[in-house]
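Novice: Sharing final20.cif (mmCIF, C-alpha atoms and all ligand atoms) below.
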data_protein
loop_
_atom_site.group_PDB
_atom_site.id
_atom_site.type_symbol
_atom_site.label_atom_id
_atom_site.label_comp_id
_atom_site.auth_asym_id
_atom_site.auth_seq_id
_atom_site.Cartn_x
_atom_site.Cartn_y
_atom_site.Cartn_z
ATOM 1 C CA MET A 1288 41.442 13.142 15.992
ATOM 2 C CA SER A 1289 44.577 12.831 18.078
ATOM 3 C CA LYS A 1290 48.082 12.929 16.669
ATOM 4 C CA PRO A 1291 51.228 11.776 18.431
ATOM 5 C CA SER A 1292 53.246 14.740 19.691
ATOM 6 C CA ALA A 1293 56.819 15.481 18.667
ATOM 7 C CA PHE A 1294 59.526 13.019 19.647
ATOM 8 C CA GLN A 1295 59.976 12.837 23.353
ATOM 9 C CA ARG A 1296 63.451 12.985 24.881
ATOM 10 C CA VAL A 1297 64.138 10.161 27.273
ATOM 11 C CA GLU A 1298 66.445 11.127 30.111
ATOM 12 C CA GLY A 1299 68.965 8.580 31.295
ATOM 13 C CA ASP A 1300 71.711 6.402 29.970
ATOM 14 C CA GLU A 1301 71.883 4.909 26.546
ATOM 15 C CA ILE A 1302 71.927 1.243 27.562
ATOM 16 C CA MET A 1303 72.533 -0.474 24.218
ATOM 17 C CA ALA A 1304 76.166 -0.809 23.250
ATOM 18 C CA LEU A 1305 77.166 0.195 19.742
ATOM 19 C CA GLY A 1306 77.012 -2.646 17.267
ATOM 20 C CA ASN A 1307 75.065 -5.886 17.244
ATOM 21 C CA SER A 1308 74.602 -8.746 14.827
ATOM 22 C CA SER A 1309 71.024 -8.051 13.759
ATOM 23 C CA CYS A 1310 70.188 -7.763 10.057
ATOM 24 C CA GLN A 1311 70.222 -4.318 8.444
ATOM 25 C CA GLY A 1312 66.987 -2.493 9.183
ATOM 26 C CA CYS A 1313 66.014 -4.869 12.038
ATOM 27 C CA ALA A 1314 63.254 -3.223 14.075
ATOM 28 C CA HIS A 1315 64.024 -5.435 17.103
ATOM 29 C CA ALA A 1316 67.307 -3.520 17.479
ATOM 30 C CA THR A 1317 65.621 -0.096 17.396
ATOM 31 C CA LEU A 1318 63.013 -1.331 19.834
ATOM 32 C CA ALA A 1319 65.647 -2.681 22.220
ATOM 33 C CA ARG A 1320 67.392 0.674 22.254
ATOM 34 C CA ILE A 1321 64.184 2.540 23.135
ATOM 35 C CA ILE A 1322 62.851 -0.055 25.576
ATOM 36 C CA PHE A 1323 65.962 -0.376 27.729
ATOM 37 C CA LYS A 1324 66.658 3.343 27.730
ATOM 38 C CA VAL A 1325 63.185 3.893 29.171
ATOM 39 C CA LEU A 1326 63.395 1.014 31.646
ATOM 40 C CA GLY A 1327 66.879 1.973 32.811
ATOM 41 C CA ARG A 1328 69.633 0.029 34.533
ATOM 42 C CA ASN A 1329 67.503 -1.256 37.382
ATOM 43 C CA THR A 1330 66.218 -3.950 35.070
ATOM 44 C CA VAL A 1331 66.683 -7.670 34.676
ATOM 45 C CA TYR A 1332 65.574 -9.053 31.358
ATOM 46 C CA THR A 1333 65.107 -12.531 30.003
ATOM 47 C CA SER A 1334 65.251 -14.165 26.592
ATOM 48 C CA VAL A 1335 64.084 -17.333 24.920
ATOM 49 C CA PRO A 1336 65.601 -18.563 21.636
ATOM 50 C CA GLY A 1337 65.053 -16.071 18.818
ATOM 51 C CA CYS A 1338 66.643 -13.095 17.095
ATOM 52 C CA ILE A 1339 66.640 -10.973 20.259
ATOM 53 C CA TRP A 1340 68.794 -13.455 22.127
ATOM 54 C CA ILE A 1341 71.064 -14.324 19.228
ATOM 55 C CA ALA A 1342 71.536 -10.906 17.642
ATOM 56 C CA LEU A 1343 71.059 -8.436 20.495
ATOM 57 C CA GLN A 1344 71.860 -10.025 23.835
ATOM 58 C CA GLY A 1345 75.563 -9.168 23.654
ATOM 59 C CA SER A 1346 74.835 -5.482 23.261
ATOM 60 C CA ILE A 1347 72.365 -5.095 26.156
ATOM 61 C CA PRO A 1348 74.588 -4.915 29.258
ATOM 62 C CA LEU A 1349 71.971 -5.590 31.949
ATOM 63 C CA TYR A 1350 71.263 -8.501 34.286
ATOM 64 C CA TRP A 1351 70.095 -11.247 31.952
ATOM 65 C CA ARG A 1352 68.910 -14.850 31.967
ATOM 66 C CA GLY A 1353 67.781 -17.044 29.078
ATOM 67 C CA THR A 1354 65.855 -20.278 28.978
ATOM 68 C CA VAL A 1355 64.168 -22.746 26.631
ATOM 69 C CA PHE A 1356 61.720 -21.543 24.003
ATOM 70 C CA GLU A 1357 58.669 -22.649 26.003
ATOM 71 C CA GLY A 1358 59.961 -21.416 29.355
ATOM 72 C CA GLY A 1359 59.821 -17.604 29.257
ATOM 73 C CA GLY A 1360 56.791 -17.353 31.539
ATOM 74 C CA ALA A 1361 58.331 -19.650 34.139
ATOM 75 C CA LEU A 1362 61.690 -17.878 34.074
ATOM 76 C CA ILE A 1363 60.372 -14.352 34.584
ATOM 77 C CA SER A 1364 57.963 -15.568 37.263
ATOM 78 C CA GLY A 1365 60.827 -17.183 39.169
ATOM 79 C CA ILE A 1366 63.021 -14.110 38.895
ATOM 80 C CA ALA A 1367 60.244 -11.730 39.977
ATOM 81 C CA ASN A 1368 59.409 -13.866 43.008
ATOM 82 C CA GLY A 1369 63.063 -14.390 43.895
ATOM 83 C CA LEU A 1370 63.764 -10.657 43.812
ATOM 84 C CA GLU A 1371 60.717 -9.982 45.940
ATOM 85 C CA ALA A 1372 61.860 -12.608 48.465
ATOM 86 C CA VAL A 1373 65.212 -10.862 48.895
ATOM 87 C CA GLY A 1374 63.599 -7.399 48.981
ATOM 88 C CA LYS A 1375 64.965 -6.099 45.670
ATOM 89 C CA ASP A 1376 62.727 -3.823 43.607
ATOM 90 C CA MET A 1377 63.705 -4.193 39.937
ATOM 91 C CA ASN A 1378 61.933 -4.173 36.569
ATOM 92 C CA VAL A 1379 61.572 -7.782 35.445
ATOM 93 C CA VAL A 1380 61.148 -7.974 31.700
ATOM 94 C CA GLY A 1381 60.567 -10.738 29.204
ATOM 95 C CA PHE A 1382 61.657 -9.607 25.763
ATOM 96 C CA TYR A 1383 60.588 -12.308 23.352
ATOM 97 C CA GLY A 1384 59.580 -12.903 19.737
ATOM 98 C CA ASP A 1385 56.157 -13.872 18.447
ATOM 99 C CA GLY A 1386 56.986 -17.608 18.521
ATOM 100 C CA GLY A 1387 58.246 -17.393 22.103
ATOM 101 C CA THR A 1388 55.067 -15.512 23.011
ATOM 102 C CA ALA A 1389 52.128 -16.628 20.917
ATOM 103 C CA ASP A 1390 52.941 -20.237 20.111
ATOM 104 C CA ILE A 1391 55.358 -22.328 22.116
ATOM 105 C CA GLY A 1392 55.636 -19.709 24.880
ATOM 106 C CA LEU A 1393 51.895 -19.200 25.251
ATOM 107 C CA GLN A 1394 50.997 -21.621 28.020
ATOM 108 C CA ALA A 1395 53.704 -20.479 30.455
ATOM 109 C CA MET A 1396 52.914 -16.839 29.655
ATOM 110 C CA SER A 1397 49.198 -17.438 30.176
ATOM 111 C CA ALA A 1398 49.888 -19.093 33.532
ATOM 112 C CA ALA A 1399 52.119 -16.202 34.627
ATOM 113 C CA ALA A 1400 49.437 -13.708 33.560
ATOM 114 C CA GLU A 1401 46.746 -15.651 35.383
ATOM 115 C CA ARG A 1402 48.881 -15.495 38.562
ATOM 116 C CA ASN A 1403 49.329 -11.757 37.853
ATOM 117 C CA GLU A 1404 53.106 -11.981 38.287
ATOM 118 C CA ASN A 1405 54.779 -8.590 38.644
ATOM 119 C CA VAL A 1406 56.539 -8.561 35.252
ATOM 120 C CA LEU A 1407 56.540 -6.754 31.934
ATOM 121 C CA TRP A 1408 56.180 -9.058 28.922
ATOM 122 C CA ILE A 1409 57.221 -7.480 25.636
ATOM 123 C CA CYS A 1410 56.475 -9.317 22.426
ATOM 124 C CA ALA A 1411 58.557 -7.990 19.519
ATOM 125 C CA ASP A 1412 56.372 -9.271 16.719
ATOM 126 C CA ASN A 1413 58.110 -9.781 13.377
ATOM 127 C CA GLU A 1414 55.309 -12.153 12.371
ATOM 128 C CA ALA A 1415 57.431 -15.271 11.741
ATOM 129 C CA TYR A 1416 60.133 -17.482 13.266
ATOM 130 C CA MET A 1417 62.924 -15.405 11.846
ATOM 131 C CA ASN A 1418 65.865 -16.773 13.785
ATOM 132 C CA THR A 1419 65.408 -20.185 12.209
ATOM 133 C CA GLY A 1420 64.814 -19.030 8.662
ATOM 134 C CA GLY A 1421 61.369 -17.462 8.453
ATOM 135 C CA GLN A 1422 58.789 -20.145 9.235
ATOM 136 C CA ARG A 1423 55.197 -19.058 9.818
ATOM 137 C CA SER A 1424 54.014 -18.416 13.370
ATOM 138 C CA GLY A 1425 50.568 -17.984 14.909
ATOM 139 C CA LEU A 1426 51.121 -14.246 14.438
ATOM 140 C CA THR A 1427 51.930 -14.436 10.729
ATOM 141 C CA PRO A 1428 49.088 -12.692 8.880
ATOM 142 C CA ILE A 1429 46.885 -14.429 6.335
ATOM 143 C CA TYR A 1430 48.312 -14.852 2.798
ATOM 144 C CA ALA A 1431 51.883 -14.015 3.880
ATOM 145 C CA SER A 1432 54.484 -16.084 2.105
ATOM 146 C CA THR A 1433 56.924 -17.735 4.535
ATOM 147 C CA THR A 1434 59.275 -20.692 4.182
ATOM 148 C CA THR A 1435 56.548 -23.021 5.509
ATOM 149 C CA THR A 1436 53.672 -21.261 3.712
ATOM 150 C CA PRO A 1437 55.260 -20.671 0.322
ATOM 151 C CA VAL A 1438 53.386 -19.368 -2.687
ATOM 152 C CA ALA A 1439 53.029 -21.962 -5.451
ATOM 153 C CA SER A 1440 50.403 -23.177 -7.882
ATOM 154 C CA GLU A 1441 48.259 -24.676 -5.089
ATOM 155 C CA SER A 1442 49.213 -22.290 -2.277
ATOM 156 C CA ARG A 1443 48.486 -18.608 -1.633
ATOM 157 C CA GLY A 1444 50.663 -18.211 1.450
ATOM 158 C CA LYS A 1445 49.423 -18.615 5.029
ATOM 159 C CA LYS A 1446 45.876 -19.958 5.135
ATOM 160 C CA SER A 1447 44.739 -18.708 8.532
ATOM 161 C CA ASN A 1448 44.477 -15.360 10.296
ATOM 162 C CA LYS A 1449 46.838 -13.820 12.840
ATOM 163 C CA LYS A 1450 45.860 -14.535 16.458
ATOM 164 C CA ASN A 1451 44.513 -11.496 18.274
ATOM 165 C CA LEU A 1452 46.983 -11.909 21.098
ATOM 166 C CA PRO A 1453 46.547 -8.538 22.879
ATOM 167 C CA PHE A 1454 42.850 -9.355 23.342
ATOM 168 C CA ILE A 1455 43.689 -12.883 24.475
ATOM 169 C CA MET A 1456 45.957 -11.312 27.092
ATOM 170 C CA ALA A 1457 43.290 -8.757 28.043
ATOM 171 C CA ALA A 1458 40.941 -11.686 28.685
ATOM 172 C CA HIS A 1459 43.351 -12.721 31.481
ATOM 173 C CA ASN A 1460 42.168 -9.610 33.346
ATOM 174 C CA ILE A 1461 45.697 -8.319 33.825
ATOM 175 C CA PRO A 1462 46.201 -4.651 34.740
ATOM 176 C CA TYR A 1463 47.694 -3.440 31.468
ATOM 177 C CA VAL A 1464 47.783 -4.515 27.828
ATOM 178 C CA ALA A 1465 48.994 -2.324 24.968
ATOM 179 C CA THR A 1466 50.030 -2.473 21.346
ATOM 180 C CA ALA A 1467 52.821 -0.309 19.954
ATOM 181 C CA SER A 1468 54.882 0.203 16.834
ATOM 182 C CA VAL A 1469 58.521 0.998 16.194
ATOM 183 C CA ALA A 1470 57.303 3.869 13.985
ATOM 184 C CA TYR A 1471 55.574 5.617 16.917
ATOM 185 C CA PRO A 1472 58.314 5.924 19.543
ATOM 186 C CA ASN A 1473 56.459 8.503 21.627
ATOM 187 C CA ASP A 1474 53.472 6.251 22.003
ATOM 188 C CA LEU A 1475 55.780 3.352 22.867
ATOM 189 C CA ILE A 1476 57.728 5.402 25.415
ATOM 190 C CA GLY A 1477 54.548 6.551 27.167
ATOM 191 C CA LYS A 1478 53.294 2.973 27.409
ATOM 192 C CA LEU A 1479 56.627 1.717 28.756
ATOM 193 C CA GLN A 1480 56.789 4.488 31.346
ATOM 194 C CA TYR A 1481 53.269 3.689 32.472
ATOM 195 C CA ALA A 1482 53.875 -0.081 32.588
ATOM 196 C CA LYS A 1483 57.096 0.450 34.543
ATOM 197 C CA GLY A 1484 55.184 2.246 37.274
ATOM 198 C CA ILE A 1485 52.453 -0.304 37.991
ATOM 199 C CA LYS A 1486 52.410 -3.685 39.693
ATOM 200 C CA GLY A 1487 51.181 -6.932 38.182
ATOM 201 C CA PHE A 1488 51.402 -8.483 34.727
ATOM 202 C CA LYS A 1489 51.887 -5.938 31.954
ATOM 203 C CA TYR A 1490 51.722 -7.072 28.317
ATOM 204 C CA LEU A 1491 53.157 -4.913 25.534
ATOM 205 C CA HIS A 1492 52.867 -6.156 21.957
ATOM 206 C CA VAL A 1493 55.070 -4.215 19.537
ATOM 207 C CA GLN A 1494 55.025 -4.707 15.804
ATOM 208 C CA SER A 1495 58.590 -5.132 14.581
ATOM 209 C CA PRO A 1496 58.873 -5.205 10.778
ATOM 210 C CA CYS A 1497 61.581 -7.539 9.501
ATOM 211 C CA PRO A 1498 63.196 -6.660 6.150
ATOM 212 C CA THR A 1499 64.512 -10.224 5.800
ATOM 213 C CA GLY A 1500 61.222 -12.000 6.404
ATOM 214 C CA TRP A 1501 58.804 -9.444 5.036
ATOM 215 C CA GLY A 1502 60.902 -8.698 1.972
ATOM 216 C CA PHE A 1503 61.381 -4.946 1.922
ATOM 217 C CA ASP A 1504 64.296 -2.565 1.556
ATOM 218 C CA PRO A 1505 66.031 -2.307 4.978
ATOM 219 C CA ALA A 1506 65.936 1.497 4.658
ATOM 220 C CA ARG A 1507 62.128 1.337 4.824
ATOM 221 C CA THR A 1508 61.530 -0.311 8.197
ATOM 222 C CA ILE A 1509 59.927 2.733 9.768
ATOM 223 C CA LYS A 1510 57.936 3.582 6.653
ATOM 224 C CA VAL A 1511 56.521 0.042 6.505
ATOM 225 C CA ALA A 1512 55.741 0.104 10.247
ATOM 226 C CA ARG A 1513 53.989 3.468 9.909
ATOM 227 C CA LEU A 1514 51.870 2.332 6.962
ATOM 228 C CA MET A 1515 50.799 -0.798 8.873
ATOM 229 C CA VAL A 1516 49.394 1.507 11.567
ATOM 230 C CA GLU A 1517 47.950 4.110 9.202
ATOM 231 C CA SER A 1518 46.117 1.457 7.197
ATOM 232 C CA GLY A 1519 44.480 0.052 10.329
ATOM 233 C CA ILE A 1520 46.272 -3.290 10.030
ATOM 234 C CA TRP A 1521 48.132 -2.644 13.304
ATOM 235 C CA PRO A 1522 46.042 -0.331 15.520
ATOM 236 C CA LEU A 1523 47.660 1.354 18.501
ATOM 237 C CA TYR A 1524 45.695 1.068 21.738
ATOM 238 C CA GLU A 1525 45.866 0.242 25.398
ATOM 239 C CA ILE A 1526 43.578 -1.712 27.727
ATOM 240 C CA ASN A 1527 44.069 -0.345 31.208
ATOM 241 C CA GLU A 1528 42.183 -2.310 33.901
ATOM 242 C CA GLY A 1529 39.806 -3.400 31.135
ATOM 243 C CA ASN A 1530 39.286 0.135 29.770
ATOM 244 C CA PHE A 1531 39.970 0.287 26.060
ATOM 245 C CA LYS A 1532 41.537 3.370 24.485
ATOM 246 C CA LEU A 1533 42.890 3.991 20.996
ATOM 247 C CA THR A 1534 46.138 5.901 21.472
ATOM 248 C CA TYR A 1535 46.463 6.967 17.849
ATOM 249 C CA LYS A 1536 43.620 7.651 15.467
ATOM 250 C CA PRO A 1537 44.599 8.310 11.860
ATOM 251 C CA ARG A 1538 42.258 10.931 10.335
ATOM 252 C CA GLU A 1539 41.457 8.438 7.602
ATOM 253 C CA LEU A 1540 42.763 4.913 7.099
ATOM 254 C CA LYS A 1541 45.170 4.510 4.184
ATOM 255 C CA PRO A 1542 44.437 1.644 1.756
ATOM 256 C CA VAL A 1543 46.084 -1.582 2.961
ATOM 257 C CA ARG A 1544 47.598 -1.910 -0.498
ATOM 258 C CA GLU A 1545 49.937 1.005 0.321
ATOM 259 C CA ALA A 1546 51.407 -0.934 3.238
ATOM 260 C CA LEU A 1547 51.369 -4.424 1.762
ATOM 261 C CA SER A 1548 52.666 -3.640 -1.718
ATOM 262 C CA LEU A 1549 56.024 -2.654 -0.192
ATOM 263 C CA GLN A 1550 56.414 -6.176 1.221
ATOM 264 C CA GLY A 1551 57.657 -9.073 -0.882
ATOM 265 C CA ARG A 1552 55.762 -11.586 1.264
ATOM 266 C CA PHE A 1553 52.520 -10.180 -0.225
ATOM 267 C CA ARG A 1554 53.813 -9.751 -3.779
ATOM 268 C CA HIS A 1555 51.419 -12.441 -5.070
ATOM 269 C CA LEU A 1556 48.178 -10.933 -3.706
ATOM 270 C CA ASP A 1557 45.342 -10.610 -6.193
ATOM 271 C CA ASP A 1558 42.490 -8.091 -5.989
ATOM 272 C CA SER A 1559 40.168 -10.392 -4.025
ATOM 273 C CA GLU A 1560 42.876 -11.098 -1.436
ATOM 274 C CA TYR A 1561 43.579 -7.392 -1.078
ATOM 275 C CA GLU A 1562 39.854 -6.842 -0.687
ATOM 276 C CA TYR A 1563 39.638 -9.457 2.063
ATOM 277 C CA ILE A 1564 42.454 -7.816 4.055
ATOM 278 C CA GLN A 1565 41.018 -4.351 3.397
ATOM 279 C CA GLY A 1566 37.601 -5.458 4.665
ATOM 280 C CA GLN A 1567 39.138 -6.972 7.775
ATOM 281 C CA ALA A 1568 41.098 -3.794 8.566
ATOM 282 C CA VAL A 1569 38.084 -1.505 8.112
ATOM 283 C CA ASP A 1570 35.697 -3.755 10.067
ATOM 284 C CA ARG A 1571 38.094 -4.072 12.979
ATOM 285 C CA TRP A 1572 38.810 -0.346 12.984
ATOM 286 C CA ARG A 1573 35.051 0.386 13.212
ATOM 287 C CA GLN A 1574 34.717 -2.090 16.065
ATOM 288 C CA LEU A 1575 37.629 -0.484 17.896
ATOM 289 C CA LEU A 1576 36.173 3.012 17.399
ATOM 290 C CA ASP A 1577 32.939 1.672 18.897
ATOM 291 C CA VAL A 1578 34.639 0.477 22.078
ATOM 292 C CA ASP A 1579 37.068 3.419 22.310
ATOM 293 C CA GLY A 1580 36.829 4.950 25.782
ATOM 294 C CA LYS A 1581 34.726 2.060 27.108
ATOM 295 C CA LYS A 1582 35.217 -0.838 29.480
ATOM 296 C CA LEU A 1583 35.488 -4.155 27.635
ATOM 297 C CA PRO A 1584 33.211 -7.006 28.700
ATOM 298 C CA LEU A 1585 36.109 -9.292 29.627
HETATM 299 C C1 LIG V 1601 61.413 -26.387 21.638
HETATM 300 C C2 LIG V 1601 62.113 -25.637 20.550
HETATM 301 N N1 LIG V 1601 61.627 -25.690 19.306
HETATM 302 C C3 LIG V 1601 62.257 -25.038 18.304
HETATM 303 C C4 LIG V 1601 63.386 -24.327 18.562
HETATM 304 C C5 LIG V 1601 64.109 -23.664 17.419
HETATM 305 N N2 LIG V 1601 63.981 -22.228 17.408
HETATM 306 C C6 LIG V 1601 64.922 -21.418 17.930
HETATM 307 S S1 LIG V 1601 64.593 -19.810 17.694
HETATM 308 C C7 LIG V 1601 63.163 -20.172 16.877
HETATM 309 C C8 LIG V 1601 62.309 -19.087 16.259
HETATM 310 C C9 LIG V 1601 62.075 -17.899 17.112
HETATM 311 O O1 LIG V 1601 61.038 -17.144 16.554
HETATM 312 P P1 LIG V 1601 60.371 -15.952 17.302
HETATM 313 O O2 LIG V 1601 60.041 -16.313 18.691
HETATM 314 O O3 LIG V 1601 59.227 -15.483 16.473
HETATM 315 O O4 LIG V 1601 61.499 -14.855 17.364
HETATM 316 P P2 LIG V 1601 62.306 -14.122 16.176
HETATM 317 O O5 LIG V 1601 63.566 -14.926 15.991
HETATM 318 O O6 LIG V 1601 61.439 -14.124 14.968
HETATM 319 O O7 LIG V 1601 62.567 -12.751 16.696
HETATM 320 C C10 LIG V 1601 62.962 -21.549 16.793
HETATM 321 C C11 LIG V 1601 61.811 -22.211 16.126
HETATM 322 C C12 LIG V 1601 63.872 -24.273 19.876
HETATM 323 N N3 LIG V 1601 64.947 -23.558 20.207
HETATM 324 N N4 LIG V 1601 63.218 -24.947 20.860
#
Please lay out the structure from this file as structure tokens.
Specialist:
Amino acid sequence: MSKPSAFQRVEGDEIMALGNSSCQGCAHATLARIIFKVLGRNTVYTSVPGCIWIALQGSIPLYWRGTVFEGGGALISGIANGLEAVGKDMNVVGFYGDGGTADIGLQAMSAAAERNENVLWICADNEAYMNTGGQRSGLTPIYASTTTTPVASESRGKKSNKKNLPFIMAAHNIPYVATASVAYPNDLIGKLQYAKGIKGFKYLHVQSPCPTGWGFDPARTIKVARLMVESGIWPLYEINEGNFKLTYKPRELKPVREALSLQGRFRHLDDSEYEYIQGQAVDRWRQLLDVDGKKLPL
């Protein structure tokens, strides 16, 4: 089974300025540092309301535009087409949260993907609307406690499952879809470098653990992110022109309990709820192993 190689040095400038107003242990901030260092200065990026805009925008000194929560897909499409019209070749990036991608941002993103706009869409997925106090999103996992899915006598947290957004994007028949994790920077860097070099709509979905929303010690962001991958809850893969490939295969999946028990949002889980999540992770992992190296019927 493959293992990620040692940390890769990225040549080029450190784009992020020192200091930002993110929470301690915020994975969005670590991701931003890696992402923009790989993409380099020839990049224009866009935001919609969310932690990235509010906490990080001031420390990413690149060409930037922001728009309304639902407008990310329209904004990056306009910028990409405008740059093409004036003959400028730049990376056009949408760097948005899970709400700005999977919920209110979904229809404009889907339309941009269907038109195969030449942009890179990065979803930094902290699995809730964190900038407004931790409400559930369509990417919040089942049973997670959030401010709108609290745990109480009649409630066990979020009732429904997380949307499988990377596969929804793959079903748009775009050239490149990938998942990534802040705990696997080499894998992330390789995917960014690849996406940077190809034309068309590229979708990168990065899990971004949030100490504030998920309820863990801010010193453990990377540990939590790694356990989410090693337990099979957040598999790392890419879908390149419809060809599916796992980019990291743990020798053996760790029990989901190891990953979830570190997170306060799952503190209430009972054995049957753990079993349900465990079953889901194992079933999906088997299905992904089955399609590994194959073309998906999209
Ligand atoms: C139309 C609209 N609805 C609601 C809001 C309020 N709002 C601002 S940021 C935000 C949450 C952003 O969540 P997400 O996209 O997941 O990013 P995060 O802050 O978690 O990184 C919400 C609901 C808004 N700005 N516009």
Novice: Can you work out which residues are within 10 Å of ligand LIG 1601 (chain V), considering only C-alpha atoms and all ligand atoms, and then hand them over as a short mmCIF file (atom, residue, chain, number, x, y, z; two decimals) with C-alpha atoms, in the coordinates of the input?
Specialist:
data_model
loop_
_atom_site.label_atom_id
_atom_site.label_comp_id
_atom_site.auth_asym_id
_atom_site.auth_seq_id
_atom_site.Cartn_x
_atom_site.Cartn_y
_atom_site.Cartn_z
CA CYS A 1313 66.01 -4.87 12.04
CA ALA A 1314 63.25 -3.22 14.08
CA HIS A 1315 64.02 -5.44 17.10
CA SER A 1334 65.25 -14.16 26.59
CA VAL A 1335 64.08 -17.33 24.92
CA PRO A 1336 65.60 -18.56 21.64
CA GLY A 1337 65.05 -16.07 18.82
CA CYS A 1338 66.64 -13.10 17.10
CA ILE A 1339 66.64 -10.97 20.26
CA TRP A 1340 68.79 -13.46 22.13
CA ILE A 1341 71.06 -14.32 19.23
CA ALA A 1342 71.54 -10.91 17.64
CA THR A 1354 65.86 -20.28 28.98
CA VAL A 1355 64.17 -22.75 26.63
CA PHE A 1356 61.72 -21.54 24.00
CA GLU A 1357 58.67 -22.65 26.00
CA GLY A 1358 59.96 -21.42 29.36
CA PHE A 1382 61.66 -9.61 25.76
CA TYR A 1383 60.59 -12.31 23.35
CA GLY A 1384 59.58 -12.90 19.74
CA ASP A 1385 56.16 -13.87 18.45
CA GLY A 1386 56.99 -17.61 18.52
CA GLY A 1387 58.25 -17.39 22.10
CA THR A 1388 55.07 -15.51 23.01
CA ALA A 1389 52.13 -16.63 20.92
CA ASP A 1390 52.94 -20.24 20.11
CA ILE A 1391 55.36 -22.33 22.12
CA GLY A 1392 55.64 -19.71 24.88
CA CYS A 1410 56.48 -9.32 22.43
CA ALA A 1411 58.56 -7.99 19.52
CA ASP A 1412 56.37 -9.27 16.72
CA ASN A 1413 58.11 -9.78 13.38
CA GLU A 1414 55.31 -12.15 12.37
CA ALA A 1415 57.43 -15.27 11.74
CA TYR A 1416 60.13 -17.48 13.27
CA MET A 1417 62.92 -15.40 11.85
CA ASN A 1418 65.86 -16.77 13.78
CA THR A 1419 65.41 -20.18 12.21
CA GLY A 1420 64.81 -19.03 8.66
CA GLY A 1421 61.37 -17.46 8.45
CA GLN A 1422 58.79 -20.14 9.24
CA ARG A 1423 55.20 -19.06 9.82
CA SER A 1424 54.01 -18.42 13.37
CA GLY A 1425 50.57 -17.98 14.91
CA LEU A 1426 51.12 -14.25 14.44
CA THR A 1427 51.93 -14.44 10.73
CA SER A 1495 58.59 -5.13 14.58
CA CYS A 1497 61.58 -7.54 9.50
CA GLY A 1500 61.22 -12.00 6.40
#
Novice: Quick check, in Å to one decimal: how far apart do atom CA of Thr1317 of chain A and atom CA of Val1469 of chain A lie?
Specialist: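 Interatomic distance, atom CA of Thr1317 of chain A to atom CA of Val1469 of chain A: 7.3 Å.
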Novice: Extract, using only C-alpha atoms, all DNA, RNA and protein residues at most 10 Å from Leu1305 of chain A, discarding same-chain residues fewer than 2 positions from it, and format them as a VMD selection string.
Specialist: chain A and resid 1301 to 1303 1307 1346 to 1347
Novice: Using Å and a single decimal, report how far atom CA of Met1377 of chain A sits from atom CA of Ile1322 of chain A.
Specialist: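 Straight-line distance from atom CA of Ile1322 of chain A to atom CA of Met1377 of chain A works out to 15.0 Å.
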Novice: What would the selection look like, as a list of chain:residue names, if the PyMOL selection byres (((chain A and resi 1506-1513) around 8) and not hetatm) were run on the coordinates I just shared?
Specialist: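 For this structure, the PyMOL selection byres (((chain A and resi 1506-1513) around 8) and not hetatm) captures A:Gly1312, A:Cys1313, A:Ala1314, A:Ser1468, A:Val1469, A:Ala1470, A:Tyr1471, A:Gln1494, A:Ser1495, A:Pro1496, A:Cys1497, A:Pro1498, A:Phe1503, A:Asp1504, A:Pro1505, A:Leu1514, A:Met1515, A:Val1516, A:Glu1517, A:Ala1546, A:Leu1549.
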Novice: Measure the distance from atom CA of Gly1487 of chain A to atom CA of Arg1402 of chain A in Å and round it to one decimal.
Specialist: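 Interatomic distance here is 8.9 Å.
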Novice: I'd like to know which of A:Val1297, A:Glu1404, A:Arg1544, A:Tyr1481 is closest to Asp1557 of chain A, using all atoms listed in the file.
Specialist: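 Residue with the minimum atom-to-atom distance to Asp1557 of chain A: A:Arg1544.
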Novice: Please provide the set of residues having any atom within 7 Å of Thr1466 of chain A, restricted to only C-alpha atoms, with same-chain residues fewer than 6 positions apart removed, written as a ChimeraX atom specification.
Specialist: /A:1491-1493,1523-1525
Novice: Could you spell out the hits of the PyMOL selection byres (((chain A and resi 1442) around 12) and not hetatm) on the shown file, as a ChimeraX atom specification?
Specialist: /A:1429-1433,1435-1441,1443-1446,1555-1556
Novice: Report as number ranges by chain the full result of the PyMOL selection byres (((chain A and resi 1463) around 10) and not hetatm) when it is applied to this structure.
Specialist: A: 1407, 1456-1457, 1460-1462, 1464-1465, 1478, 1481-1482, 1485-1491, 1525-1530
Novice: Applying 12 Å and all atoms listed in the file, which residues near Val1331 of chain A remain after dropping the ones on its own chain fewer than 5 positions away? List them as an MDAnalysis selection string.
Specialist: chainID A and resid 1323 1326 1347:1353 1362:1363 1366:1367 1369:1370 1375:1382 1406:1407
Novice: Measuring between only C-alpha atoms, which one of A:Ala1568, A:Gly1359, A:Asp1579, A:Leu1475 shows the shortest distance to Gln1394 of chain A?
Specialist: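 Distance minimum relative to Gln1394 of chain A lands on A:Gly1359.
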Novice: Nearest to Leu1533 of chain A: which of A:Glu1298, A:Glu1371, A:Asp1577, A:Glu1545 is it, counting all atoms listed in the file?
Specialist: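 Of the candidates, the smallest distance to Leu1533 of chain A is held by A:Asp1577.
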